[in-house]
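Undergrad: Handing over coords39.cif, mmCIF, C-alpha atoms.
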```
data_target
loop_
_atom_site.label_atom_id
_atom_site.label_comp_id
_atom_site.auth_asym_id
_atom_site.auth_seq_id
_atom_site.Cartn_x
_atom_site.Cartn_y
_atom_site.Cartn_z
CA MET C 25 42.83 14.83 -10.72
CA THR C 26 40.79 18.00 -10.45
CA ASP C 27 41.18 20.03 -7.29
CA GLU C 28 37.66 21.50 -7.38
CA TRP C 29 35.73 21.51 -4.13
CA SER C 30 31.99 21.83 -3.48
CA GLY C 31 29.45 21.28 -0.75
CA TRP C 32 28.18 17.75 -0.25
CA ARG C 33 24.71 18.56 -1.57
CA GLU C 34 26.01 19.72 -4.95
CA ALA C 35 28.50 16.87 -5.19
CA ALA C 36 25.97 14.18 -4.27
CA GLN C 37 23.36 15.60 -6.65
CA ALA C 38 25.76 15.22 -9.57
CA ALA C 39 27.07 11.84 -8.40
CA LEU C 40 23.62 10.32 -7.94
CA TYR C 41 21.40 12.08 -10.46
CA GLY C 42 23.63 13.62 -13.12
CA ASP C 43 23.63 12.23 -16.65
CA GLU C 44 26.34 9.73 -15.69
CA GLY C 45 25.21 9.47 -12.07
CA PHE C 46 24.73 6.35 -10.03
CA TYR C 47 20.93 6.27 -10.39
CA ARG C 48 20.80 7.30 -14.04
CA SER C 49 23.65 5.45 -15.73
CA PRO C 50 22.79 1.94 -17.01
CA VAL C 51 26.54 1.31 -17.22
CA ARG C 52 27.36 2.22 -13.61
CA SER C 53 24.32 0.50 -12.13
CA PRO C 54 22.67 -1.85 -14.66
CA GLU C 55 20.88 -3.81 -11.92
CA GLY C 56 19.44 -0.68 -10.36
CA PRO C 57 19.49 -0.07 -6.61
CA ALA C 58 18.79 -3.75 -5.85
CA GLY C 59 22.28 -4.61 -7.08
CA HIS C 60 23.88 -2.50 -4.37
CA PHE C 61 21.73 -2.61 -1.24
CA ARG C 62 18.89 -4.71 0.13
CA THR C 63 15.69 -2.98 1.18
CA SER C 64 12.60 -4.43 2.83
CA VAL C 65 11.11 -4.77 -0.64
CA HIS C 66 13.89 -7.15 -1.65
CA ALA C 67 13.97 -8.96 1.69
CA SER C 68 10.51 -10.49 1.42
CA PRO C 69 7.27 -10.35 -0.60
CA LEU C 70 5.55 -9.97 2.78
CA PHE C 71 6.47 -6.28 2.65
CA ALA C 72 4.60 -5.71 -0.63
CA SER C 73 1.66 -7.70 0.72
CA ALA C 74 1.56 -5.43 3.78
CA VAL C 75 1.56 -2.35 1.54
CA ALA C 76 -1.25 -3.93 -0.49
CA ARG C 77 -3.31 -4.32 2.70
CA LEU C 78 -2.54 -0.71 3.61
CA LEU C 79 -3.72 0.45 0.17
CA THR C 80 -6.85 -1.68 0.41
CA GLY C 81 -7.75 -0.12 3.75
CA ILE C 82 -7.23 3.41 2.42
CA ALA C 83 -9.33 2.63 -0.65
CA ARG C 84 -12.11 1.43 1.63
CA GLU C 85 -11.95 4.66 3.64
CA LEU C 86 -11.92 6.85 0.54
CA ASP C 87 -14.82 4.93 -1.03
CA ILE C 88 -13.99 5.95 -4.60
CA GLY C 89 -13.94 4.03 -7.87
CA THR C 90 -10.22 4.20 -8.61
CA VAL C 91 -7.41 4.68 -6.11
CA ALA C 92 -3.85 5.80 -6.85
CA LEU C 93 -0.68 4.07 -5.64
CA VAL C 94 2.36 6.34 -5.95
CA ASP C 95 5.77 4.75 -5.30
CA VAL C 96 8.35 7.52 -4.82
CA GLY C 97 11.89 6.34 -5.49
CA ALA C 98 10.57 3.27 -7.28
CA GLY C 99 13.88 1.70 -8.30
CA ARG C 100 12.99 -0.75 -11.03
CA GLY C 101 9.35 -1.06 -9.97
CA GLU C 102 9.83 -3.99 -7.59
CA LEU C 103 7.46 -2.75 -4.89
CA LEU C 104 4.70 -1.79 -7.33
CA THR C 105 4.96 -5.15 -9.04
CA GLY C 106 4.67 -6.96 -5.72
CA VAL C 107 1.74 -4.85 -4.54
CA LEU C 108 -0.20 -5.33 -7.78
CA ASP C 109 0.28 -9.10 -7.47
CA ALA C 110 -0.99 -9.04 -3.88
CA LEU C 111 -4.09 -6.86 -4.33
CA PRO C 112 -7.53 -8.39 -3.99
CA GLU C 113 -9.63 -8.78 -7.10
CA GLY C 114 -11.94 -5.92 -7.89
CA LEU C 115 -9.78 -3.10 -6.53
CA ASP C 116 -9.18 -0.58 -9.32
CA VAL C 117 -5.69 0.92 -8.89
CA THR C 118 -3.68 3.39 -10.95
CA PRO C 119 -0.01 2.76 -10.10
CA TYR C 120 2.67 5.44 -10.55
CA ALA C 121 6.42 4.85 -10.36
CA VAL C 122 8.33 8.05 -9.52
CA GLU C 123 11.96 7.57 -10.54
CA VAL C 124 14.77 9.44 -12.33
CA ALA C 125 16.08 6.36 -14.14
CA ALA C 126 14.59 5.21 -17.43
CA ARG C 127 11.62 2.84 -17.40
CA PRO C 128 12.92 -0.74 -17.24
CA PRO C 129 11.92 -3.14 -20.02
CA GLY C 130 9.17 -5.63 -19.31
CA LEU C 131 7.49 -3.61 -16.57
CA ASP C 132 3.75 -4.10 -16.08
CA PRO C 133 2.13 -1.75 -18.64
CA ARG C 134 -0.37 -0.59 -16.03
CA ILE C 135 2.42 1.25 -14.20
CA GLU C 136 2.82 4.88 -15.21
CA TRP C 137 6.49 5.98 -15.10
CA CYS C 138 7.11 9.60 -14.11
CA ALA C 139 9.86 11.88 -12.81
CA GLU C 140 7.73 13.67 -10.18
CA PRO C 141 4.79 12.65 -8.00
CA PRO C 142 1.59 13.25 -9.97
CA ALA C 143 -0.45 16.16 -8.65
CA GLY C 144 -4.00 15.87 -7.40
CA VAL C 145 -4.21 12.11 -6.90
CA THR C 146 -6.20 10.27 -4.25
CA GLY C 147 -4.85 7.16 -2.58
CA LEU C 148 -1.56 5.97 -1.09
CA LEU C 149 1.81 7.65 -1.61
CA PHE C 150 4.64 5.41 -0.41
CA ALA C 151 8.31 6.39 -0.26
CA ASN C 152 10.53 3.50 0.81
CA GLU C 153 14.17 4.56 1.30
CA TRP C 154 13.78 7.65 -0.87
CA LEU C 155 14.47 10.53 1.49
CA ASP C 156 17.86 9.16 2.52
CA ASN C 157 18.97 9.70 -1.08
CA VAL C 158 17.83 13.34 -1.24
CA PRO C 159 21.22 15.16 -1.15
CA VAL C 160 21.92 17.46 1.78
CA GLU C 161 24.73 19.66 3.02
CA VAL C 162 27.05 18.30 5.70
CA ALA C 163 28.17 20.52 8.56
CA GLU C 164 30.95 20.07 11.11
CA ALA C 165 31.79 22.04 14.24
CA ASP C 166 35.27 23.53 13.99
CA ALA C 167 37.84 23.87 16.77
CA ARG C 168 35.78 26.70 18.32
CA GLY C 169 32.52 24.76 18.06
CA VAL C 170 31.24 26.86 15.13
CA PRO C 171 29.29 24.85 12.51
CA ARG C 172 30.92 25.07 9.08
CA TYR C 173 30.00 23.48 5.77
CA VAL C 174 32.02 20.41 4.82
CA HIS C 175 33.41 20.65 1.29
CA VAL C 176 34.32 17.55 -0.67
CA ARG C 177 36.46 16.77 -3.70
CA ALA C 178 34.48 14.53 -6.04
CA PRO C 179 37.18 12.24 -7.48
CA ASP C 180 38.57 11.00 -4.18
CA GLY C 181 36.14 12.08 -1.45
CA ALA C 182 38.70 14.23 0.36
CA GLU C 183 37.09 16.77 2.72
CA ARG C 184 37.88 20.16 4.19
CA LEU C 185 35.91 22.74 6.15
CA GLY C 186 34.38 25.64 4.28
CA SER C 187 32.48 28.73 5.38
CA SER C 188 30.34 29.04 8.49
CA VAL C 189 26.76 27.78 8.25
CA THR C 190 24.38 30.75 8.10
CA GLY C 191 20.78 31.67 7.27
CA ALA C 192 18.10 29.02 6.98
CA ASP C 193 20.63 26.18 7.28
CA ALA C 194 21.91 27.59 10.58
CA ALA C 195 18.35 27.96 11.85
CA TRP C 196 17.60 24.34 10.90
CA LEU C 197 20.69 23.10 12.74
CA GLU C 198 19.84 25.10 15.84
CA ARG C 199 16.32 23.71 15.90
CA TRP C 200 16.86 20.14 14.82
CA TRP C 201 20.52 19.13 15.15
CA PRO C 202 22.59 21.60 17.21
CA LEU C 203 26.37 21.24 17.07
CA SER C 204 28.77 22.51 19.69
CA ALA C 205 31.67 20.15 20.41
CA PRO C 206 34.57 20.30 17.91
CA GLY C 207 34.30 17.52 15.32
CA GLU C 208 30.56 16.93 15.69
CA ARG C 209 28.84 16.53 12.34
CA ALA C 210 25.30 16.81 11.03
CA GLU C 211 23.40 16.43 7.79
CA ILE C 212 21.24 19.52 7.22
CA GLY C 213 17.85 18.07 6.32
CA ARG C 214 16.11 21.13 4.84
CA PRO C 215 15.99 19.71 1.28
CA ARG C 216 14.38 16.55 2.61
CA ASP C 217 11.80 18.53 4.54
CA ALA C 218 10.92 20.37 1.34
CA ALA C 219 10.90 17.22 -0.80
CA TRP C 220 8.61 15.41 1.62
CA ALA C 221 6.24 18.37 1.93
CA GLY C 222 6.05 18.50 -1.87
CA ALA C 223 5.30 14.79 -2.11
CA VAL C 224 2.60 14.87 0.58
CA GLY C 225 1.15 18.02 -0.96
CA SER C 226 0.57 16.16 -4.22
CA LEU C 227 -2.21 14.14 -2.54
CA THR C 228 -5.74 15.45 -2.67
CA ALA C 229 -6.71 12.84 -0.10
CA GLY C 230 -5.28 9.62 1.23
CA LEU C 231 -2.21 8.44 3.12
CA ALA C 232 1.45 9.37 2.64
CA VAL C 233 4.13 7.13 4.14
CA ALA C 234 7.89 7.62 4.31
CA VAL C 235 9.96 4.61 5.40
CA ASP C 236 13.65 5.15 6.05
CA TYR C 237 16.73 4.95 8.21
CA ALA C 238 15.86 7.61 10.75
CA HIS C 239 16.72 9.43 13.95
CA VAL C 240 15.04 12.10 16.05
CA ARG C 241 16.26 15.05 18.07
CA GLY C 242 17.71 13.82 21.32
CA GLY C 243 19.15 10.79 19.56
CA ARG C 244 21.13 12.23 16.66
CA PRO C 245 24.45 10.50 15.95
CA PRO C 246 27.30 12.86 16.92
CA LEU C 247 29.33 12.17 13.78
CA GLY C 248 26.47 12.04 11.28
CA THR C 249 25.57 9.05 9.12
CA LEU C 250 26.82 9.82 5.60
CA THR C 251 28.04 6.65 3.92
CA GLY C 252 28.18 4.80 0.60
CA PHE C 253 27.05 1.44 -0.75
CA ARG C 254 28.36 -0.52 -3.69
CA GLY C 255 27.74 -4.14 -4.66
CA GLY C 256 25.99 -4.92 -1.40
CA ARG C 257 28.78 -3.54 0.81
CA GLU C 258 29.14 -0.35 2.79
CA VAL C 259 31.96 1.76 1.37
CA ARG C 260 33.55 5.13 1.98
CA PRO C 261 31.30 7.87 0.52
CA VAL C 262 33.00 9.25 -2.58
CA PRO C 263 30.81 11.43 -4.87
CA ASP C 264 32.25 10.16 -8.15
CA GLY C 265 29.13 8.35 -9.35
CA SER C 266 30.43 4.89 -8.52
CA CYS C 267 28.37 4.25 -5.39
CA ASP C 268 25.14 5.06 -3.61
CA LEU C 269 25.37 7.98 -1.19
CA THR C 270 23.00 7.92 1.74
CA ALA C 271 22.43 9.46 5.16
CA HIS C 272 19.79 8.76 7.79
CA VAL C 273 16.72 11.01 7.81
CA ALA C 274 15.56 13.41 10.53
CA LEU C 275 11.98 12.24 10.16
CA ASP C 276 10.77 14.41 13.04
CA ALA C 277 11.84 17.48 11.04
CA CYS C 278 10.08 16.12 7.95
CA ALA C 279 6.93 15.63 10.01
CA GLU C 280 6.97 19.22 11.21
CA ALA C 281 7.55 20.47 7.66
CA ILE C 282 4.10 19.22 6.66
CA ALA C 283 2.37 21.51 9.15
CA GLU C 284 4.63 24.40 8.24
CA ALA C 285 3.71 23.92 4.57
CA GLY C 286 0.05 24.39 5.49
CA ILE C 287 -0.94 20.82 4.66
CA ASP C 288 -3.91 19.69 6.74
CA ALA C 289 -2.89 16.19 7.81
CA SER C 290 -2.68 14.09 10.93
CA THR C 291 0.77 12.71 11.65
CA GLU C 292 2.22 9.56 13.20
CA LEU C 293 5.89 8.64 13.62
CA THR C 294 6.53 5.03 14.53
CA ASP C 295 8.91 2.20 13.63
CA GLN C 296 8.62 -0.57 11.07
CA ARG C 297 8.22 -3.25 13.70
CA ALA C 298 5.03 -1.65 15.04
CA ALA C 299 3.71 -0.61 11.63
CA LEU C 300 4.10 -4.04 10.05
CA ARG C 301 2.63 -5.80 13.06
CA ARG C 302 -0.51 -3.70 12.59
CA LEU C 303 -0.56 -4.91 8.99
CA GLY C 304 -0.33 -8.57 9.96
CA VAL C 305 3.42 -9.16 9.65
CA GLY C 306 4.41 -10.57 13.01
CA GLY C 307 7.18 -13.14 12.73
CA ASP C 308 5.62 -15.66 15.12
CA ARG C 309 6.64 -19.27 14.47
CA PRO C 310 3.87 -21.69 13.44
CA PRO C 311 2.82 -24.29 16.03
CA LEU C 312 4.74 -27.57 15.89
CA SER C 313 1.43 -29.41 15.70
CA LEU C 314 1.07 -28.11 12.13
CA ALA C 315 4.13 -30.12 11.11
CA ALA C 316 2.23 -33.34 11.83
CA THR C 317 -1.03 -32.39 10.13
CA ASP C 318 0.34 -30.35 7.20
CA PRO C 319 4.11 -30.73 6.75
CA ALA C 320 4.26 -28.63 3.56
CA GLY C 321 2.14 -25.90 5.14
CA TYR C 322 4.39 -25.92 8.19
CA VAL C 323 7.48 -25.40 6.03
CA ARG C 324 5.81 -22.51 4.19
CA ALA C 325 4.66 -20.91 7.43
CA LEU C 326 8.12 -21.33 8.96
CA ALA C 327 9.74 -19.63 5.96
CA ALA C 328 7.23 -16.77 6.14
CA ALA C 329 7.89 -16.38 9.85
CA GLY C 330 11.61 -16.08 9.17
CA GLU C 331 11.02 -13.39 6.56
CA ALA C 332 8.64 -11.54 8.86
CA ALA C 333 11.20 -11.71 11.66
CA GLU C 334 13.81 -10.07 9.42
CA LEU C 335 11.41 -7.28 8.43
CA THR C 336 10.59 -6.52 12.07
CA ALA C 337 13.93 -7.27 13.75
CA ARG C 338 15.23 -4.91 16.41
CA GLY C 339 18.62 -3.58 15.42
CA GLY C 340 17.72 -4.14 11.77
CA LEU C 341 14.84 -3.40 9.41
CA GLY C 342 12.37 -3.25 12.28
CA ASP C 343 14.05 -0.08 13.53
CA PHE C 344 13.33 1.84 10.33
CA GLY C 345 11.18 4.90 10.86
CA TRP C 346 7.65 5.08 9.44
CA LEU C 347 6.23 8.59 9.04
CA LEU C 348 2.52 8.55 8.17
CA HIS C 349 0.26 11.46 7.20
CA ARG C 350 -3.49 11.08 6.74
CA VAL C 351 -4.61 13.76 4.28
CA GLY C 352 -8.30 14.60 4.01
CA LEU C 353 -9.22 11.62 6.19
CA PRO C 354 -10.57 11.55 9.73
CA ASP C 355 -8.10 10.82 12.51
CA LEU C 356 -7.94 7.19 13.56
CA PRO C 357 -9.14 6.41 17.09
CA PRO C 358 -6.31 5.98 19.62
#
```
Just give me the structure as structure tokens.
TA:
Amino acid sequence: MTDEWSGWREAAQAALYGDEGFYRSPVRSPEGPAGHFRTSVHASPLFASAVARLLTGIARELDIGTVALVDVGAGRGELLTGVLDALPEGLDVTPYAVEVAARPPGLDPRIEWCAEPPAGVTGLLFANEWLDNVPVEVAEADARGVPRYVHVRAPDGAERLGSSVTGADAAWLERWWPLSAPGERAEIGRPRDAAWAGAVGSLTAGLAVAVDYAHVRGGRPPLGTLTGFRGGREVRPVPDGSCDLTAHVALDACAEAIAEAGIDASTELTDQRAALRRLGVGGDRPPLSLAATDPAGYVRALAAAGEAAELTARGGLGDFGWLLHRVGLPDLPP
């Protein structure tokens, strides 16, 4: 076993996105992300239908011939496939899947597969559970309360404290996730701020949406959130390429990064429960009277209500953060 140590950002980058990394290797993860964790996309087709309604509304506002749909962190194209199936006839859409893995066989030929968000597009950019997989450094307050980088050994996930956090990382911690008590931990979200600003900046006009596990200043978890997933189960985070590595996102910091990047956009930070309810996903049970007049319809409506309830559940998917930026569009009325 090698005794080489590195920061968590370097280790996670190699473990997730290296040539033999979790997201690139067809041997380590032949099923793609869906084989290891369940997102809203996999929970119900209602999610893709809601995104389709969101795209339709943006297309109406933009009033252009062809609108782009950019799925950042596209997995195996599940969301794009669902949205294309749910779109109304007559809407001309150019779909882009942004993903580091190779294009899966049998994908709809209309979908353009790319490694980076295309520049200069107009439409909807949607990033569902992408930012939580952007690798970041981990910091921990030492016995004197001084934040220090956490170093990790890739083969077994062993950790030790490294040098003190300085420079831009220290400034980010002080502003967004201050540490003081010995043992407190934080994930330093600067790379996510930059990644999100770059993604939003690729839009000429339209709407950018990030959906993720999230927290905001004043409610940060004292021990951080770094964890792993493999085969549908949460596991100890070991950066050896065998599991997903994820940590919740400081979406309030990402929101501020847009303004600091000079991008002219209005911003809203809400939760999935509220966002999906606006898009018609409520979870209300159908009336019992429907069972007498249309038994099959009642069963379908009951199943849809159950799926909607899961997508909007408190303590579950409904608590996911939704960060929305309207670029080149007028602000919505309150």
Undergrad: Env of C:Arg254: 7 Å cut, atoms = only C-alpha atoms, seq-sep filter 2 positions within chain, self excluded. Answer as a list in words.
TA: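 The residues that qualify are His60, Gly252, Gly256, Arg257, Glu258, Val259, Cys267 and Asp268 of chain C.
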Undergrad: Using the chain letters and numbers from the file, give me the residues hit by the PyMOL selection byres ((chain C and resi 178) around 12), as a count of residues only.
TA: 31
Undergrad: For the provided coordinates, the residues matched by the PyMOL selection byres ((chain C and resi 161) around 8) should be stated as a PyMOL selection string.
TA: chain C and resi 31-33+159-160+162-163+173-174+211-213
Undergrad: Please write the residues picked by the PyMOL selection byres ((chain C and resi 139) around 10) on this file as a VMD selection string.
TA: chain C and resid 96 to 97 120 to 126 137 to 138 140 to 142
Undergrad: Taking (7.4, -0.1, 16.3) in the coordinates of the supplied file, I want to know which residues reach to within 9 Å of it, counting all atoms listed in the file; could you give the answer as a PyMOL selection string?
TA: chain C and resi 294-301+336+342-346
